[in-house]
file my_file.txt (compact mmCIF, C-alpha atoms)
# COMPACT_ATOMS: atom_id res chain seq x y z
CA MET A 1 0.96 -12.85 5.41
CA GLY A 2 4.39 -13.99 4.33
CA ILE A 3 5.91 -10.53 3.96
CA ALA A 4 4.30 -9.47 7.26
CA PHE A 5 6.57 -11.99 8.95
CA LEU A 6 9.40 -9.66 8.01
CA TRP A 7 8.62 -5.96 7.67
CA PRO A 8 7.26 -5.20 11.19
CA LEU A 9 10.47 -6.59 12.67
CA MET A 10 12.96 -4.85 10.38
CA ALA A 11 13.86 -1.99 12.72
CA LEU A 12 14.01 -4.28 15.75
CA TYR A 13 16.26 -6.78 13.98
CA LEU A 14 18.65 -4.16 12.60
CA HIS A 15 18.95 -2.19 15.85
CA HIS A 16 18.92 -4.86 18.54
CA VAL A 17 20.22 -7.98 16.81
CA LEU A 18 22.61 -6.54 14.21
CA ASP A 19 23.58 -3.63 16.51
CA GLN A 20 23.06 -0.88 13.92
CA SER A 21 22.32 2.76 14.75
CA MET A 22 18.86 4.20 14.17
CA THR A 23 20.33 6.31 11.37
CA VAL A 24 21.40 3.15 9.55
CA VAL A 25 18.01 1.59 10.30
CA GLY A 26 16.30 4.56 8.65
CA LEU A 27 18.54 4.40 5.60
CA VAL A 28 17.93 0.68 5.11
CA MET A 29 14.17 1.13 5.43
CA MET A 30 14.22 4.02 2.95
CA ALA A 31 16.24 1.93 0.49
CA GLN A 32 13.76 -0.91 0.85
CA ALA A 33 10.84 1.46 0.23
CA GLY A 34 12.62 2.87 -2.83
CA MET A 35 13.08 -0.59 -4.31
CA SER A 36 9.42 -1.30 -3.57
CA THR A 37 8.47 1.78 -5.56
CA VAL A 38 10.51 0.70 -8.58
CA GLY A 39 9.21 -2.86 -8.27
CA SER A 40 5.60 -1.70 -8.44
CA LEU A 41 6.22 0.17 -11.69
CA VAL A 42 8.15 -2.69 -13.28
CA GLY A 43 5.54 -5.25 -12.23
CA GLY A 44 2.75 -3.20 -13.75
CA ILE A 45 4.59 -2.77 -17.04
CA ILE A 46 5.41 -6.48 -17.31
CA TYR A 47 1.77 -7.36 -16.59
CA ASP A 48 0.68 -5.20 -19.54
CA THR A 49 3.14 -6.88 -21.91
CA ARG A 50 3.46 -10.45 -20.59
CA GLY A 51 0.38 -11.14 -18.50
CA ALA A 52 0.28 -12.15 -14.82
CA ARG A 53 1.65 -15.68 -14.64
CA LEU A 54 5.25 -15.10 -15.73
CA PRO A 55 6.01 -12.07 -13.49
CA MET A 56 4.29 -13.72 -10.53
CA LEU A 57 6.33 -16.91 -10.93
CA TRP A 58 9.58 -14.94 -11.10
CA SER A 59 8.51 -12.73 -8.21
CA MET A 60 7.74 -15.62 -5.89
CA ALA A 61 10.74 -17.72 -6.94
CA ILE A 62 13.33 -14.99 -6.37
CA SER A 63 11.66 -13.87 -3.13
CA ALA A 64 11.58 -17.41 -1.78
CA LEU A 65 15.25 -18.01 -2.66
CA THR A 66 16.35 -14.67 -1.18
CA LEU A 67 14.46 -15.20 2.07
CA ALA A 68 15.93 -18.71 2.41
CA VAL A 69 19.47 -17.33 2.01
CA MET A 70 18.69 -14.61 4.58
CA GLY A 71 17.65 -17.30 7.05
CA ILE A 72 20.67 -19.51 6.40
CA SER A 73 23.31 -16.74 6.31
CA PRO A 74 22.23 -13.87 8.58
CA GLY A 75 24.25 -10.68 8.70
CA PHE A 76 23.92 -6.97 8.05
CA TRP A 77 24.84 -6.90 4.37
CA MET A 78 22.90 -10.06 3.56
CA PHE A 79 19.86 -8.63 5.32
CA THR A 80 20.19 -5.20 3.67
CA VAL A 81 20.54 -6.59 0.15
CA GLY A 82 17.90 -9.22 0.88
CA VAL A 83 15.16 -6.83 2.00
CA MET A 84 15.81 -4.65 -1.04
CA VAL A 85 15.52 -7.63 -3.40
CA VAL A 86 12.41 -8.93 -1.64
CA GLY A 87 10.91 -5.44 -1.55
CA PHE A 88 11.37 -5.12 -5.31
CA PHE A 89 9.95 -8.50 -6.28
CA ILE A 90 7.13 -8.72 -3.75
CA ASN A 91 5.90 -5.24 -4.66
CA ALA A 92 6.13 -6.11 -8.34
CA SER A 93 3.14 -8.36 -7.65
CA SER A 94 1.03 -5.65 -5.96
CA PRO A 95 -0.25 -3.88 -9.12
CA ILE A 96 -0.78 -7.29 -10.70
CA PHE A 97 -3.21 -8.28 -7.94
CA ASN A 98 -5.11 -5.01 -8.35
CA ALA A 99 -5.23 -5.31 -12.14
CA LEU A 100 -6.27 -8.96 -12.00
CA SER A 101 -9.08 -8.22 -9.55
CA VAL A 102 -10.78 -6.12 -12.23
CA GLU A 103 -9.79 -8.42 -15.09
CA ILE A 104 -11.32 -11.45 -13.38
CA TRP A 105 -14.31 -9.68 -11.80
CA PRO A 106 -15.11 -6.69 -14.04
CA GLU A 107 -18.63 -6.32 -12.67
CA GLY A 108 -17.24 -6.10 -9.15
CA GLY A 109 -16.15 -2.47 -9.52
CA ARG A 110 -14.99 -1.02 -6.21
CA ARG A 111 -15.79 -4.31 -4.49
CA ALA A 112 -12.96 -5.99 -6.39
CA PHE A 113 -10.37 -3.54 -5.06
CA ASN A 114 -11.88 -3.71 -1.59
CA ALA A 115 -11.58 -7.52 -1.63
CA VAL A 116 -7.84 -7.23 -2.32
CA TYR A 117 -7.49 -4.57 0.38
CA VAL A 118 -9.24 -6.73 2.99
CA ALA A 119 -7.20 -9.79 2.04
CA ILE A 120 -3.96 -7.84 2.45
CA ASN A 121 -4.97 -6.61 5.90
CA ALA A 122 -6.08 -10.08 6.99
CA GLY A 123 -2.72 -11.45 5.91
CA VAL A 124 -0.83 -8.68 7.69
CA ALA A 125 -2.78 -9.31 10.90
CA VAL A 126 -1.97 -13.03 10.91
CA GLY A 127 1.58 -12.64 9.63
CA SER A 128 2.55 -9.98 12.16
CA SER A 129 1.37 -12.16 15.04
CA LEU A 130 3.06 -15.32 13.77
CA GLY A 131 6.21 -13.42 12.82
CA GLY A 132 6.57 -12.08 16.36
CA LEU A 133 6.10 -15.58 17.76
CA LEU A 134 8.75 -17.05 15.47
CA ALA A 135 11.13 -14.16 16.13
CA SER A 136 10.93 -14.87 19.86
CA LEU A 137 12.49 -18.24 19.05
CA SER A 138 14.86 -17.10 16.29
CA PHE A 139 14.76 -14.45 13.61
CA ARG A 140 16.00 -17.09 11.19
CA PHE A 141 12.65 -18.84 11.51
CA THR A 142 10.80 -15.73 10.36
CA PHE A 143 12.91 -15.51 7.17
CA ILE A 144 12.57 -19.21 6.41
CA ALA A 145 8.81 -19.21 7.09
CA ALA A 146 8.28 -16.21 4.80
CA GLY A 147 10.34 -17.93 2.11
CA ALA A 148 8.30 -21.11 2.51
CA ILE A 149 5.06 -19.18 1.95
CA ALA A 150 6.51 -17.56 -1.20
CA ALA A 151 7.54 -21.02 -2.43
CA ALA A 152 4.04 -22.37 -1.75
CA ILE A 153 2.50 -19.50 -3.75
CA TRP A 154 4.92 -20.29 -6.61
CA LEU A 155 3.73 -23.91 -6.61
CA LEU A 156 0.09 -22.83 -6.56
CA ILE A 157 0.53 -20.47 -9.51
CA TYR A 158 2.58 -23.00 -11.49
CA ALA A 159 0.14 -25.86 -10.94
CA ALA A 160 -3.25 -24.19 -10.98
CA TYR A 161 -3.33 -20.75 -12.58
CA ARG A 162 -3.35 -21.20 -16.36
CA GLY A 163 -6.47 -19.31 -17.48
CA ASP A 164 -6.48 -16.47 -20.00
CA HIS A 165 -6.41 -13.87 -17.25
CA TRP A 166 -3.08 -15.27 -16.04
CA THR A 167 -1.32 -16.25 -19.22
CA HIS A 168 -2.21 -13.43 -21.65
CA ALA A 169 -1.58 -9.71 -21.51
CA PRO A 170 -4.74 -7.56 -21.59
CA ARG A 171 -5.89 -6.87 -25.14
CA ARG A 172 -7.29 -3.77 -26.77
CA LYS A 173 -10.93 -4.23 -27.71
CA THR A 174 -11.13 -2.67 -31.15
CA ALA A 175 -13.15 -3.49 -34.23
CA GLY A 176 -10.30 -2.75 -36.60
CA PRO A 177 -7.18 -4.75 -37.37
CA LYS A 178 -4.84 -5.74 -34.54
CA ARG A 179 -1.92 -3.50 -33.81
CA ALA A 180 1.56 -4.91 -34.11
CA SER A 181 2.49 -3.57 -30.71
CA ARG A 182 0.93 -1.67 -27.82
CA PRO A 183 2.51 1.47 -26.39
CA ILE A 184 3.55 1.40 -22.76
CA SER A 185 3.38 5.15 -22.14
CA ILE A 186 0.31 6.68 -20.54
CA PRO A 187 -2.04 8.29 -23.07
CA ARG A 188 -1.84 12.06 -23.10
CA ALA A 189 -5.51 12.43 -22.21
CA ILE A 190 -5.12 10.65 -18.87
CA GLY A 191 -1.57 11.52 -17.87
CA TRP A 192 -2.38 14.48 -15.62
CA PRO A 193 -5.37 12.90 -13.87
CA ILE A 194 -3.35 9.80 -12.97
CA PHE A 195 -0.29 11.69 -11.75
CA VAL A 196 -2.33 14.19 -9.72
CA LEU A 197 -4.25 11.30 -8.18
CA ALA A 198 -0.96 9.54 -7.36
CA GLY A 199 0.50 12.72 -5.84
CA ALA A 200 -2.57 13.17 -3.64
CA LEU A 201 -2.30 9.59 -2.43
CA ALA A 202 1.44 9.98 -1.74
CA ALA A 203 0.78 13.11 0.36
CA GLN A 204 -1.81 11.28 2.44
CA TRP A 205 0.44 8.25 2.87
CA LEU A 206 3.24 10.54 4.07
CA ALA A 207 0.95 11.85 6.80
CA TYR A 208 -0.60 8.47 7.61
CA ASP A 209 2.85 6.95 8.10
CA GLN A 210 3.26 9.08 11.24
CA TRP A 211 1.20 6.50 13.09
CA GLU A 212 4.15 4.13 12.70
CA THR A 213 6.99 6.63 13.19
CA THR A 214 6.30 9.70 15.31
CA VAL A 215 3.12 8.66 17.20
CA PRO A 216 4.86 5.93 19.26
CA ASN A 217 7.63 8.38 20.14
CA PHE A 218 5.13 11.01 21.28
CA MET A 219 3.25 8.45 23.34
CA GLN A 220 6.48 7.26 24.94
CA ALA A 221 7.51 10.85 25.73
CA GLU A 222 4.13 11.34 27.42
CA GLY A 223 4.74 8.30 29.63
CA LEU A 224 2.26 5.98 27.93
CA PRO A 225 3.36 2.29 27.89
CA LEU A 226 4.10 0.46 24.66
CA ILE A 227 1.16 -1.90 25.15
CA LEU A 228 -1.22 1.04 24.71
CA TYR A 229 0.40 1.88 21.36
CA SER A 230 0.12 -1.75 20.23
CA SER A 231 -3.56 -1.73 21.15
CA LEU A 232 -4.12 1.07 18.61
CA TRP A 233 -3.07 -1.26 15.79
CA THR A 234 -5.24 -4.02 17.24
CA LEU A 235 -8.13 -1.59 16.98
CA ASN A 236 -7.10 -0.80 13.40
CA THR A 237 -7.08 -4.46 12.36
CA LEU A 238 -10.34 -5.37 14.12
CA LEU A 239 -12.11 -2.41 12.57
CA ILE A 240 -10.87 -3.16 9.03
CA LEU A 241 -11.89 -6.81 9.22
CA GLY A 242 -15.04 -6.43 11.31
CA ALA A 243 -16.63 -3.41 9.70
CA GLN A 244 -16.75 -4.77 6.14
CA PRO A 245 -20.53 -5.45 6.17
CA LEU A 246 -21.10 -1.86 7.28
CA LEU A 247 -18.64 -0.58 4.66
CA ALA A 248 -20.47 -2.49 1.93
CA LYS A 249 -23.70 -0.72 2.85
CA VAL A 250 -21.96 2.66 2.92
CA LEU A 251 -20.37 2.13 -0.50
CA ALA A 252 -23.74 1.10 -1.91
CA ARG A 253 -24.98 4.58 -0.98
CA ILE A 254 -21.90 6.31 -2.48
CA PRO A 255 -22.34 6.02 -6.26
CA GLN A 256 -19.18 7.93 -7.15
CA VAL A 257 -15.63 6.96 -6.27
CA ARG A 258 -14.83 10.68 -6.04
CA THR A 259 -17.25 10.97 -3.09
CA GLN A 260 -15.61 7.94 -1.49
CA LEU A 261 -12.16 9.53 -1.69
CA LEU A 262 -13.35 12.88 -0.35
CA SER A 263 -15.26 11.23 2.50
CA GLY A 264 -12.11 9.34 3.48
CA THR A 265 -10.14 12.58 3.32
CA VAL A 266 -12.58 14.28 5.72
CA LEU A 267 -12.05 11.44 8.19
CA PHE A 268 -8.26 11.70 7.78
CA VAL A 269 -8.38 15.45 8.45
CA ALA A 270 -10.58 14.91 11.50
CA ALA A 271 -8.17 12.26 12.83
CA PHE A 272 -5.05 14.40 12.60
CA GLY A 273 -6.94 17.51 13.64
CA THR A 274 -7.87 15.68 16.84
CA LEU A 275 -4.23 14.79 17.49
CA SER A 276 -3.11 18.36 16.86
CA LEU A 277 -5.49 19.64 19.57
CA PHE A 278 -5.48 16.87 22.18
CA HIS A 279 -2.58 14.74 23.41
CA THR A 280 -4.25 12.19 25.68
CA TYR A 281 -4.70 8.47 25.15
CA PRO A 282 -8.46 8.82 24.38
CA ALA A 283 -7.45 11.30 21.67
CA TYR A 284 -5.08 8.72 20.17
CA VAL A 285 -7.86 6.10 20.27
CA GLY A 286 -10.30 8.50 18.60
CA GLY A 287 -7.70 9.52 16.06
CA MET A 288 -6.95 5.91 15.16
CA LEU A 289 -10.66 5.17 14.86
CA LEU A 290 -11.19 8.07 12.44
CA ALA A 291 -7.97 7.36 10.51
CA THR A 292 -8.88 3.69 10.05
CA LEU A 293 -12.31 4.58 8.70
CA GLY A 294 -10.62 7.02 6.32
CA GLU A 295 -8.14 4.35 5.26
CA MET A 296 -10.98 1.93 4.49
CA LEU A 297 -12.38 4.45 2.02
CA VAL A 298 -9.23 5.93 0.48
CA LEU A 299 -6.87 2.97 0.04
CA PRO A 300 -9.23 0.83 -2.08
CA GLY A 301 -10.79 3.96 -3.59
CA ALA A 302 -7.59 5.31 -5.17
CA PRO A 303 -6.91 2.27 -7.40
CA ALA A 304 -10.63 2.19 -8.25
CA ALA A 305 -10.42 5.82 -9.42
CA ALA A 306 -7.31 5.03 -11.47
CA GLU A 307 -9.13 2.11 -13.07
CA GLN A 308 -11.65 4.56 -14.54
CA TRP A 309 -8.87 6.04 -16.67
CA SER A 310 -7.12 2.76 -17.50
CA HIS A 311 -7.28 1.22 -20.91
CA PRO A 312 -7.11 -2.60 -20.51
CA SER A 313 -3.76 -2.62 -22.31
CA GLN A 314 -2.25 -0.25 -19.70
CA ARG A 315 -4.08 -1.28 -16.57
CA GLY A 316 -0.97 -2.75 -14.95
CA LEU A 317 1.17 0.35 -15.52
CA ILE A 318 -1.43 2.69 -14.06
CA GLN A 319 -2.01 0.43 -11.04
CA GLY A 320 1.78 0.34 -10.67
CA ILE A 321 1.89 4.14 -10.53
CA ILE A 322 -0.77 4.19 -7.81
CA THR A 323 1.01 1.49 -5.82
CA SER A 324 4.31 3.34 -6.20
CA ALA A 325 2.70 6.52 -4.88
CA GLY A 326 1.96 4.73 -1.63
CA SER A 327 5.55 3.49 -1.40
CA LEU A 328 6.90 7.00 -2.02
CA GLY A 329 4.70 8.40 0.73
CA ARG A 330 5.86 5.72 3.17
CA MET A 331 9.47 6.37 2.16
CA ALA A 332 9.22 10.12 2.79
CA GLY A 333 7.06 9.82 5.91
CA PRO A 334 9.82 8.91 8.41
CA LEU A 335 12.15 11.58 7.00
CA VAL A 336 9.60 14.40 7.12
CA GLY A 337 8.26 13.28 10.47
CA GLY A 338 11.77 13.13 11.90
CA LEU A 339 12.55 16.64 10.72
CA LEU A 340 9.37 18.03 12.30
CA PHE A 341 9.50 15.90 15.44
CA SER A 342 9.83 17.77 18.73
CA PRO A 343 9.03 15.85 21.94
CA GLY A 344 7.30 18.83 23.57
CA ARG A 345 5.34 19.99 20.52
CA PRO A 346 3.24 17.19 19.02
CA GLY A 347 0.53 19.65 17.98
CA ALA A 348 2.80 21.37 15.45
CA LEU A 349 3.65 18.16 13.59
CA PHE A 350 0.06 16.93 13.55
CA ALA A 351 -1.14 20.31 12.29
CA VAL A 352 1.23 19.98 9.32
CA MET A 353 0.00 16.44 8.71
CA THR A 354 -3.60 17.64 8.84
CA GLY A 355 -2.68 20.06 6.07
CA MET A 356 -1.09 17.23 4.06
CA MET A 357 -4.30 15.23 4.33
CA ALA A 358 -6.33 18.22 3.17
CA MET A 359 -3.93 18.72 0.24
CA GLY A 360 -4.64 15.14 -0.76
CA GLY A 361 -8.34 15.92 -0.92
CA VAL A 362 -7.64 18.93 -3.13
CA GLY A 363 -5.61 16.63 -5.36
CA TYR A 364 -8.51 14.20 -5.71
CA LEU A 365 -10.77 17.05 -6.80
CA ALA A 366 -8.13 18.37 -9.21
CA SER A 367 -7.59 14.96 -10.81
CA GLY A 368 -11.28 14.77 -11.59
CA ARG A 369 -11.24 18.25 -13.09
CA PHE A 370 -8.29 17.32 -15.30
CA ALA A 371 -10.10 14.18 -16.43
CA ALA A 372 -13.28 16.04 -17.27
CA ARG A 373 -11.42 18.77 -19.15
CA GLN A 374 -9.27 16.34 -21.12
CA ASP A 375 -12.17 14.09 -22.15
CA ALA A 376 -10.96 11.13 -20.08
CA VAL A 377 -13.50 8.69 -18.66
CA ALA A 378 -16.16 10.66 -16.75
CA TYR A 379 -14.81 10.76 -13.21
CA PHE A 380 -17.78 12.73 -11.89
CA ASP A 381 -20.49 10.67 -13.52
CA LYS A 382 -19.26 7.11 -13.64
CA ARG A 383 -21.35 4.90 -11.37
CA SER A 384 -20.25 1.38 -12.25
CA LEU A 385 -17.38 1.76 -9.78
call {"tool": "encode", "arguments": {"input": "my_file.txt", "output": "structure tokens"}}
result
Amino acid sequence: MGIAFLWPLMALYLHHVLDQSMTVVGLVMMAQAGMSTVGSLVGGIIYDTRGARLPMLWSMAISALTLAVMGISPGFWMFTVGVMVVGFFINASSPIFNALSVEIWPEGGRRAFNAVYVAINAGVAVGSSLGGLLASLSFRFTFIAAGAIAAAIWLLIYAAYRGDHWTHAPRRKTAGPKRASRPISIPRAIGWPIFVLAGALAAQWLAYDQWETTVPNFMQAEGLPLILYSSLWTLNTLLILGAQPLLAKVLARIPQVRTQLLSGTVLFVAAFGTLSLFHTYPAYVGGMLLATLGEMLVLPGAPAAAEQWSHPSQRGLIQGIITSAGSLGRMAGPLVGGLLFSPGRPGALFAVMTGMMAMGGVGYLASGRFAARQDAVAYFDKRSL
């Protein structure tokens, strides 16, 4: 919720308040996404070696301080450096939340990742609305409010979270003597499955990001008002939060996470295939409906699949790789979409994005094949997730 006060308004603040060109806006947003990618990896590694409490305290403290300075001393360079710092430290906590969800609730399986996914979307829904309200008064209020939430989380962690899950790094469960140190590198047997899975997720994120970049431009070129575009994201949020009981029943009938990922991919392909053929507002509504259902399966499913190949001592690193894959896809999405964008030819861009979604599905299949061939955890047969 706190970070959602900030990120939906970045482009608006840079372009209209700080009077920067859209080229500069794009560069700043790419730099922020790049720092988010690095932050996810670093956060995962620190979780594996130091546990959750220390990196979370540093993450929230530095984010709160940076956001407060951004609110007190606004300006282009302060904002640019600030969003990069906040992007790094906030995203350092993302793999920690995913890893902790399994550490705390190991019997939860896919439900643990889905709980984190739903919580994130609920926070984004509330934060985006409140952030817009505060920005209508002053953008400074949005920075200060986001910093206050980060400070409140710091106090909560410092005062309340002292259990073993928070204070100790995950341990290897072996019958033999303890090792003096634990390697940070990914074991050879699971390297390819994890990286192929991450590449597939990055490809799908690249395509999915077009809903935020090129879709509003196409709709505007077709004479559709901005309120109709905003209503698509209202539909997205309502569906994610309201369809959870239905999703729980669906997941109960899908014993394998592989099937979950491939089902989500089919919905993604159908969504962008619809947009490549039809360019009316009902087509955009139908596409968003299909894409949201696909998102509800793929986004919590990818970290669940990675968890199958994660040793407890390296859970944070592997979740960091998966989180970074999403950041890389979002970073490349505006660039690729901009290169392919042509106001009179939306079908061509969406056809390419349909292919990217399909490539992601091929990647999910290939990651399972690599795992099976390399004697990693049985991707095709595991049912606990």
call {"tool": "atom_distance", "arguments": {"input": "my_file.txt", "atom1": "CA of Val362 in chain A", "atom2": "CA of Gly273 in chain A"}}
result
16.8 Å
call {"tool": "closest_residue", "arguments": {"input": "my_file.txt", "among": "A:Trp105, A:Tyr161, A:Tyr284, A:Trp192", "to": "Met219 in chain A", "atoms": "all atoms listed in the file"}}
result
A:Tyr284
call {"tool": "residues_around", "arguments": {"input": "my_file.txt", "residues": "range 336-343 of chain A", "least_positions_apart": "2", "cutoff": "12 Å", "atoms": "all atoms listed in the file", "output": "PyMOL selection string"}}
result
chain A and resi 22-23+26+203+205-223+279+329-334+345-353+356
call {"tool": "write_last_selection", "arguments": {"input": "my_file.txt", "atoms": "C-alpha atoms", "output": "JSON list (two decimals), in the frame of the given file"}}
result
[["chain", "number", "residue", "atom", "x", "y", "z"],
["A", 22, "MET", "CA", 18.86, 4.20, 14.17],
["A", 23, "THR", "CA", 20.33, 6.31, 11.37],
["A", 26, "GLY", "CA", 16.30, 4.56, 8.65],
["A", 203, "ALA", "CA", 0.78, 13.11, 0.36],
["A", 205, "TRP", "CA", 0.44, 8.25, 2.87],
["A", 206, "LEU", "CA", 3.24, 10.54, 4.07],
["A", 207, "ALA", "CA", 0.95, 11.85, 6.80],
["A", 208, "TYR", "CA", -0.60, 8.47, 7.61],
["A", 209, "ASP", "CA", 2.85, 6.95, 8.10],
["A", 210, "GLN", "CA", 3.26, 9.08, 11.24],
["A", 211, "TRP", "CA", 1.20, 6.50, 13.09],
["A", 212, "GLU", "CA", 4.15, 4.13, 12.70],
["A", 213, "THR", "CA", 6.99, 6.63, 13.19],
["A", 214, "THR", "CA", 6.30, 9.70, 15.31],
["A", 215, "VAL", "CA", 3.12, 8.66, 17.20],
["A", 216, "PRO", "CA", 4.86, 5.93, 19.26],
["A", 217, "ASN", "CA", 7.63, 8.38, 20.14],
["A", 218, "PHE", "CA", 5.13, 11.01, 21.28],
["A", 219, "MET", "CA", 3.25, 8.45, 23.34],
["A", 220, "GLN", "CA", 6.48, 7.26, 24.94],
["A", 221, "ALA", "CA", 7.51, 10.85, 25.73],
["A", 222, "GLU", "CA", 4.13, 11.34, 27.42],
["A", 223, "GLY", "CA", 4.74, 8.30, 29.63],
["A", 279, "HIS", "CA", -2.58, 14.74, 23.41],
["A", 329, "GLY", "CA", 4.70, 8.40, 0.73],
["A", 330, "ARG", "CA", 5.86, 5.72, 3.17],
["A", 331, "MET", "CA", 9.47, 6.37, 2.16],
["A", 332, "ALA", "CA", 9.22, 10.12, 2.79],
["A", 333, "GLY", "CA", 7.06, 9.82, 5.91],
["A", 334, "PRO", "CA", 9.82, 8.91, 8.41],
["A", 345, "ARG", "CA", 5.34, 19.99, 20.52],
["A", 346, "PRO", "CA", 3.24, 17.19, 19.02],
["A", 347, "GLY", "CA", 0.53, 19.65, 17.98],
["A", 348, "ALA", "CA", 2.80, 21.37, 15.45],
["A", 349, "LEU", "CA", 3.65, 18.16, 13.59],
["A", 350, "PHE", "CA", 0.06, 16.93, 13.55],
["A", 351, "ALA", "CA", -1.14, 20.31, 12.29],
["A", 352, "VAL", "CA", 1.23, 19.98, 9.32],
["A", 353, "MET", "CA", 0.00, 16.44, 8.71],
["A", 356, "MET", "CA", -1.09, 17.23, 4.06]]
call {"tool": "atom_distance", "arguments": {"input": "my_file.txt", "atom1": "CA of Met357 in chain A", "atom2": "CA of Val269 in chain A"}}
result
5.8 Å
call {"tool": "axis_aligned_box", "arguments": {"input": "my_file.txt", "around": "range 121-135 of chain A", "padding_each_side": "8 Å", "output": "lines of an AutoDock Vina configuration file"}}
result
center_x = 2.5
center_y = -11.8
center_z = 11.8
size_x = 33.2
size_y = 26.4
size_z = 27.9
call {"tool": "atom_distance", "arguments": {"input": "my_file.txt", "atom1": "CA of Phe272 in chain A", "atom2": "CA of Leu201 in chain A"}}
result
16.0 Å
call {"tool": "residues_around", "arguments": {"input": "my_file.txt", "residues": "range 97-101 of chain A", "least_positions_apart": "3", "cutoff": "6 Å", "atoms": "all atoms listed in the file", "output": "NGL selection string"}}
result
:A and (94 or 104-105 or 112 or 316)
call {"tool": "closest_residue", "arguments": {"input": "my_file.txt", "among": "A:Leu335, A:Ala135, A:Val266, A:Met70", "to": "Met29 in chain A", "atoms": "all atoms listed in the file"}}
result
A:Leu335
call {"tool": "closest_residue", "arguments": {"input": "my_file.txt", "among": "A:Val102, A:Leu365, A:Met359, A:Val86", "to": "Ala115 in chain A", "atoms": "only C-alpha atoms"}}
result
A:Val102
call {"tool": "residues_around", "arguments": {"input": "my_file.txt", "residues": "Leu12 in chain A", "least_positions_apart": "3", "cutoff": "12 Å", "atoms": "only C-alpha atoms", "output": "VMD selection string"}}
result
chain A and resid 6 to 9 15 to 22 25 to 26 29 132 135 to 136 139
call {"tool": "closest_residue", "arguments": {"input": "my_file.txt", "among": "A:Pro95, A:Gly326, A:Gly44, A:Gly147", "to": "Gly71 in chain A", "atoms": "all atoms listed in the file"}}
result
A:Gly147
call {"tool": "closest_residue", "arguments": {"input": "my_file.txt", "among": "A:Pro245, A:Gly320, A:Gly361, A:Gly294", "to": "Val42 in chain A", "atoms": "only C-alpha atoms"}}
result
A:Gly320
call {"tool": "closest_residue", "arguments": {"input": "my_file.txt", "among": "A:Ala271, A:Val118, A:Ala283, A:Met1", "to": "Ile149 in chain A", "atoms": "only C-alpha atoms"}}
result
A:Met1
